[in-house]
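Colleague: Quick one: this structure, given as structure tokens, is what I'll be asking you about.
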Amino acid sequence: MSDTARIIELGAHAGASVTVRGWVTHLRSSGKVAFIVLRDGTGILQTVLVKNQVPPEVWERFAELTQETSLAVTGEVKADARAPGGYELGLTNVEIIGSSPLDYPIQPKEHGVDFLLDNRHFWLRTPRQVAIMRIRNEIEMAIHDFFYQRGFLRVDTPILTAAIGERAGLFSTEYFEEGNAYLAQTGQLYGEAAAAAFGKIYTFGPTFRAEKSKTRRHLTEFWMIEPEVAFADTHDNMRLQEDFVSFLVQRVVERRKDELKELERDITKLEHISAPFPRIDYTDAVATLQKKGSSVQWGDDLGAEDEALLVEDYDRPIFIMNYPKEAKAFYMKENPDDPRTVLCDDCLAPEGYGEIIGGSQREDDYDKILQRIREEKLPEDAYDWYLDLRKYGTFPHSGFGLGLERTVAWICGVQHIRECIPFPRMMHRLRP
Ligand code: NSS
């Protein structure tokens with residue numbers, strides 16, 4: 001019996017006989033020697049079958065193989081500098097696990113993106129998609145490590161909610177006798193309650209926005225990471241963001257070199273990403289944009305094009321701080337130095353990627369936040385518990401939300417965030 005091994009582990013088995021299980025990607029035969037290339041999710045392996053070195057029934061099985069046939073191959077692990085991954089398998093046995101008809105939709109040629117999205121369940125098997133998902137996973141693990149090291153508690157917040165957090169569109173569903181339930185747009189409001197219980201927390205979960213935007217950076221379901229820190233002000237908040245983002249980037253650069261190479265990512269654009277990030281006041285940003293020809297007016301939120309114009313002068317993420325009140329959500333704290341504005345920041349990624357984080361110090365004054373809830377015509381009774389946080393031991397606190405898919409897109413150098421989540425949900429896409 002041979003040990004089973006995954007392709008990435010073969011180096012530890014050089015000279016030994018092992019069994020590898022996976023799916024066929026390429027087949028080639030001269031009539032006397034056949035090559036089976038397979039993938040198992042950890043790598044690509046070339047295997048060699050020599051007609052006069054295996055029993056006839058094993059040799060004949062080669063003829064039954066097609067792209068995507070699942071199989072178990074057994075043979076000796078040989079170092080070979082020319083082989084992908086550095087090792088080759090000299091086969092003694094081939095066993096078919098599951099056959100695959102010849103009409104497998106994804107062929108080694110250019111396919112349109114709609115076709116690929118319709119076949120997302122197969123598209124995920126391709127090397128580029130595997131690389132993106134491994135980097136996503138690395139970022140997810142790095143997020144947990146970062147907060148764990150800093151003594152944050154992870155808090156899981158509800159997805160079915162009565163209170164609304166952001167202005168973007170809402171998905172709603174009937175909820176027994178309680179009226180409408182909304183799919184959470186953010187975990188923040190619950191994160192604030194948890195910060196008063198645990199001091200430093202973060203949430204990590206799916207969030208939902210019924211946005212009719214068909215841009216390359218909007219999904220209707222995306223994953224957000226939302227830390228919330230008691231007794232932190234807006235400056236503490238930005239320091240946490242720049243440390244956090246730098247940590248994530250450096251972790252991928254250190255541990256996911258092969259995947260970045262598969263994606264042809266220019267890592268010189270990532271290696272130097274470190275704190276501090278430049279801080280630009282919103283009012284100055286508007287003046288810069290107007291000089292660059294933008295039609296933006298003081299009071300407007302900044303669009304994707306404005307963001308791209310602002311980051312083009314920098315080689316690392318930047319903060320745009322202190323937006324006008326009317327451009328931002330109700331819970332942001334009024335800026336004591338300029339009450340037309342709020343103590344907030346957007347963190348914009350370079351190379352045109354734009355906003356990956358929205359953060360703010362929260363309004364901790366009971367009367368002021370109640371007034372904002374009323375101005376925004378939000379259902380007051382759904383916010384009674386949220387108002388309580390300002391009544392019983394109110395405390396300065398700050399937090400932010402990092403969009404996972406946008407962060408993955410930037411680090412991977414991928415143009416559209418639909419490739420950065422296994423099964424994207426967009427306005428016109430609910431399957432597979
Ligand atoms: O709306 S945000 O700017 N802010 C919040 O939701 C706050 N409640 C966060 C907080 O302070 N706790 O969204 C935060 C980030 C934003 O910067 C994007 O990176 C991402 O969430 N985001 C999205 N990603 C993908 N698709 C869509 N539609 C989307 N909307 C926001």
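For the structure tokens, the naming scheme is as follows: chains receive sequential letters (A, B, ...) according to their order of presentation, residues are indexed from 1 within each chain, and ligands are indexed from 1 in presentation order.
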Which residues form the shell of 7 Å around ligand 1 when you count only C-alpha atoms and all ligand atoms, given as a ChimeraX atom specification?
Modeller: /A:165-166,185-188,209,211,217-222,224,226-227,346,355-360,399-406
Colleague: Taking only segment 232-388 of chain A into account, list the residues labelled alpha helix (DSSP H) by DSSP (computed from the backbone), as a PyMOL selection string.
Modeller: chain A and resi 234-255+257-262+282-291+304-311+366-375+384-388
Colleague: Would you mind listing what lies within 7 Å of Asn237 of chain A as a ChimeraX atom specification, with only C-alpha atoms counted and same-chain residues fewer than 4 positions away left out?
Modeller: /A:232-233,241,398-399
Colleague: With all heavy atoms retained, write the just-selected residues as a PDB file, in the first residue's frame.
Modeller:
ATOM      1  N   ALA A 232     -11.842  54.697  22.026  1.00  0.00           N
ATOM      2  CA  ALA A 232     -10.955  55.061  20.917  1.00  0.00           C
ATOM      3  C   ALA A 232     -11.569  56.243  20.179  1.00  0.00           C
ATOM      4  O   ALA A 232     -12.783  56.273  19.956  1.00  0.00           O
ATOM      5  CB  ALA A 232     -10.792  53.880  19.965  1.00  0.00           C
ATOM      6  N   ASP A 233     -10.726  57.208  19.802  1.00  0.00           N
ATOM      7  CA  ASP A 233     -11.242  58.323  19.006  1.00  0.00           C
ATOM      8  C   ASP A 233     -10.899  58.104  17.534  1.00  0.00           C
ATOM      9  O   ASP A 233     -10.332  57.072  17.156  1.00  0.00           O
ATOM     10  CB  ASP A 233     -10.722  59.668  19.542  1.00  0.00           C
ATOM     11  CG  ASP A 233      -9.224  59.849  19.334  1.00  0.00           C
ATOM     12  OD1 ASP A 233      -8.603  59.061  18.565  1.00  0.00           O
ATOM     13  OD2 ASP A 233      -8.658  60.779  19.939  1.00  0.00           O
ATOM     14  N   GLN A 241      -6.605  51.067  11.539  1.00  0.00           N
ATOM     15  CA  GLN A 241      -6.848  50.701  10.131  1.00  0.00           C
ATOM     16  C   GLN A 241      -5.546  50.544   9.361  1.00  0.00           C
ATOM     17  O   GLN A 241      -5.373  49.592   8.591  1.00  0.00           O
ATOM     18  CB  GLN A 241      -7.715  51.766   9.456  1.00  0.00           C
ATOM     19  CG  GLN A 241      -9.151  51.778   9.957  1.00  0.00           C
ATOM     20  CD  GLN A 241      -9.889  53.035   9.545  1.00  0.00           C
ATOM     21  OE1 GLN A 241      -9.895  53.418   8.381  1.00  0.00           O
ATOM     22  NE2 GLN A 241     -10.528  53.695  10.491  1.00  0.00           N
ATOM     23  N   SER A 398     -15.112  54.070  18.536  1.00  0.00           N
ATOM     24  CA  SER A 398     -14.887  54.176  17.103  1.00  0.00           C
ATOM     25  C   SER A 398     -14.746  52.792  16.503  1.00  0.00           C
ATOM     26  O   SER A 398     -14.410  51.834  17.203  1.00  0.00           O
ATOM     27  CB  SER A 398     -13.592  54.941  16.809  1.00  0.00           C
ATOM     28  OG  SER A 398     -13.641  56.230  17.363  1.00  0.00           O
ATOM     29  N   GLY A 399     -14.967  52.726  15.201  1.00  0.00           N
ATOM     30  CA  GLY A 399     -14.820  51.448  14.514  1.00  0.00           C
ATOM     31  C   GLY A 399     -14.845  51.657  13.019  1.00  0.00           C
ATOM     32  O   GLY A 399     -14.978  52.783  12.536  1.00  0.00           O
TER      33      GLY A 399
END
Colleague: Between A:Leu71, A:Leu389, A:Leu310, A:Ala79, which residue has the minimum interatomic distance to Pro350 of chain A, considering only C-alpha atoms?
Modeller: A:Leu310
Colleague: Using only C-alpha atoms for the distances, tell me which of A:Pro396, A:Pro108, A:Pro424, A:Gly86 is nearest to Ala230 of chain A.
Modeller: A:Pro396
Colleague: Enter the distance from atom CA of Trp223 of chain A to atom CA of Lys200 of chain A, in Å, rounded to one decimal.
Modeller: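 About the pair atom CA of Trp223 of chain A and atom CA of Lys200 of chain A: they are 19.9 Å apart.
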Colleague: Using only C-alpha atoms, which protein or nucleic acid residues come within 12 Å of Val414 of chain A? Drop anything in the same chain fewer than 6 positions from it, and give the result as a list of chain:residue names.
Modeller: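 Here the qualifying residues turn out to be A:Arg128, A:Gln129, A:Ala131, A:Ile132, A:Met133, A:Ile135, A:Arg216, A:Arg217, A:Leu260, A:Glu262, A:Leu263, A:Glu264, A:Arg265, A:Asp266, A:Glu351, A:Gly352, A:Tyr353, A:Glu405, A:Arg406, A:Thr407, A:Val408, A:Cys420, A:Ile421.
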Colleague: If I take atom CA of Val253 of chain A and atom CA of Ile411 of chain A, how far is one from the other in Å, to one decimal?
Modeller: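 Interatomic distance here is 9.0 Å.
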Colleague: For Gln371 of chain A, which of A:Glu57, A:Glu334, A:Phe395, A:Gly205 is the closest residue, counting only C-alpha atoms?
Modeller: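 Ranking A:Glu57, A:Glu334, A:Phe395, A:Gly205 by distance to Gln371 of chain A, first place goes to A:Glu334.
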Colleague: Need to verify the contact set: segment 329-332 of chain A, 7 Å, only C-alpha atoms, exclusion of same-chain residues closer than 5 positions in sequence. Can you return it as a PyMOL selection string?
Modeller: chain A and resi 166-167+342-344+360-363+369+372-373
Colleague: Just write the chosen residues, N, CA and C atoms, as a PDB file, in the first residue's frame.
Modeller:
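Generated file (selection-v3.pdb):
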ATOM      1  N   GLU A 166     -27.127  51.321   7.302  1.00  0.00           N
ATOM      2  CA  GLU A 166     -26.583  52.166   6.238  1.00  0.00           C
ATOM      3  C   GLU A 166     -27.713  52.637   5.330  1.00  0.00           C
ATOM      4  N   ARG A 167     -27.352  53.512   4.408  1.00  0.00           N
ATOM      5  CA  ARG A 167     -28.409  54.072   3.555  1.00  0.00           C
ATOM      6  C   ARG A 167     -28.717  53.213   2.336  1.00  0.00           C
ATOM      7  N   VAL A 342     -18.418  65.347   9.984  1.00  0.00           N
ATOM      8  CA  VAL A 342     -18.397  64.287  11.000  1.00  0.00           C
ATOM      9  C   VAL A 342     -16.993  63.676  11.080  1.00  0.00           C
ATOM     10  N   LEU A 343     -16.700  63.055  12.243  1.00  0.00           N
ATOM     11  CA  LEU A 343     -15.370  62.463  12.475  1.00  0.00           C
ATOM     12  C   LEU A 343     -15.327  61.073  11.839  1.00  0.00           C
ATOM     13  N   CYS A 344     -14.968  61.055  10.568  1.00  0.00           N
ATOM     14  CA  CYS A 344     -14.999  59.769   9.862  1.00  0.00           C
ATOM     15  C   CYS A 344     -13.816  59.678   8.908  1.00  0.00           C
ATOM     16  N   SER A 360     -15.532  55.433  11.413  1.00  0.00           N
ATOM     17  CA  SER A 360     -15.871  56.698  12.082  1.00  0.00           C
ATOM     18  C   SER A 360     -15.811  56.558  13.591  1.00  0.00           C
ATOM     19  N   GLN A 361     -15.708  57.730  14.240  1.00  0.00           N
ATOM     20  CA  GLN A 361     -16.023  57.808  15.658  1.00  0.00           C
ATOM     21  C   GLN A 361     -17.541  57.915  15.716  1.00  0.00           C
ATOM     22  N   ARG A 362     -18.157  57.289  16.732  1.00  0.00           N
ATOM     23  CA  ARG A 362     -19.618  57.252  16.775  1.00  0.00           C
ATOM     24  C   ARG A 362     -20.147  58.386  17.629  1.00  0.00           C
ATOM     25  N   GLU A 363     -21.310  58.870  17.260  1.00  0.00           N
ATOM     26  CA  GLU A 363     -21.956  59.903  18.088  1.00  0.00           C
ATOM     27  C   GLU A 363     -22.300  59.264  19.425  1.00  0.00           C
ATOM     28  N   ILE A 369     -27.728  62.020  18.752  1.00  0.00           N
ATOM     29  CA  ILE A 369     -27.993  60.857  17.889  1.00  0.00           C
ATOM     30  C   ILE A 369     -29.501  60.665  17.700  1.00  0.00           C
ATOM     31  N   ARG A 372     -30.465  62.898  14.955  1.00  0.00           N
ATOM     32  CA  ARG A 372     -30.048  62.367  13.643  1.00  0.00           C
ATOM     33  C   ARG A 372     -30.970  61.238  13.192  1.00  0.00           C
ATOM     34  N   ILE A 373     -31.390  60.374  14.125  1.00  0.00           N
ATOM     35  CA  ILE A 373     -32.326  59.293  13.783  1.00  0.00           C
ATOM     36  C   ILE A 373     -33.626  59.897  13.246  1.00  0.00           C
TER      37      ILE A 373
END
Colleague: What is the atom CA of Leu124 of chain A to atom CA of Ile106 of chain A distance in Å?
Modeller: 10.5 Å
Colleague: When you count only C-alpha atoms, which of these residues is closest to Asn52 of chain A: A:Arg120, A:Lys261, A:Arg316, A:Lys32?
Modeller: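 Closest to Asn52 of chain A of all the choices is A:Lys32.
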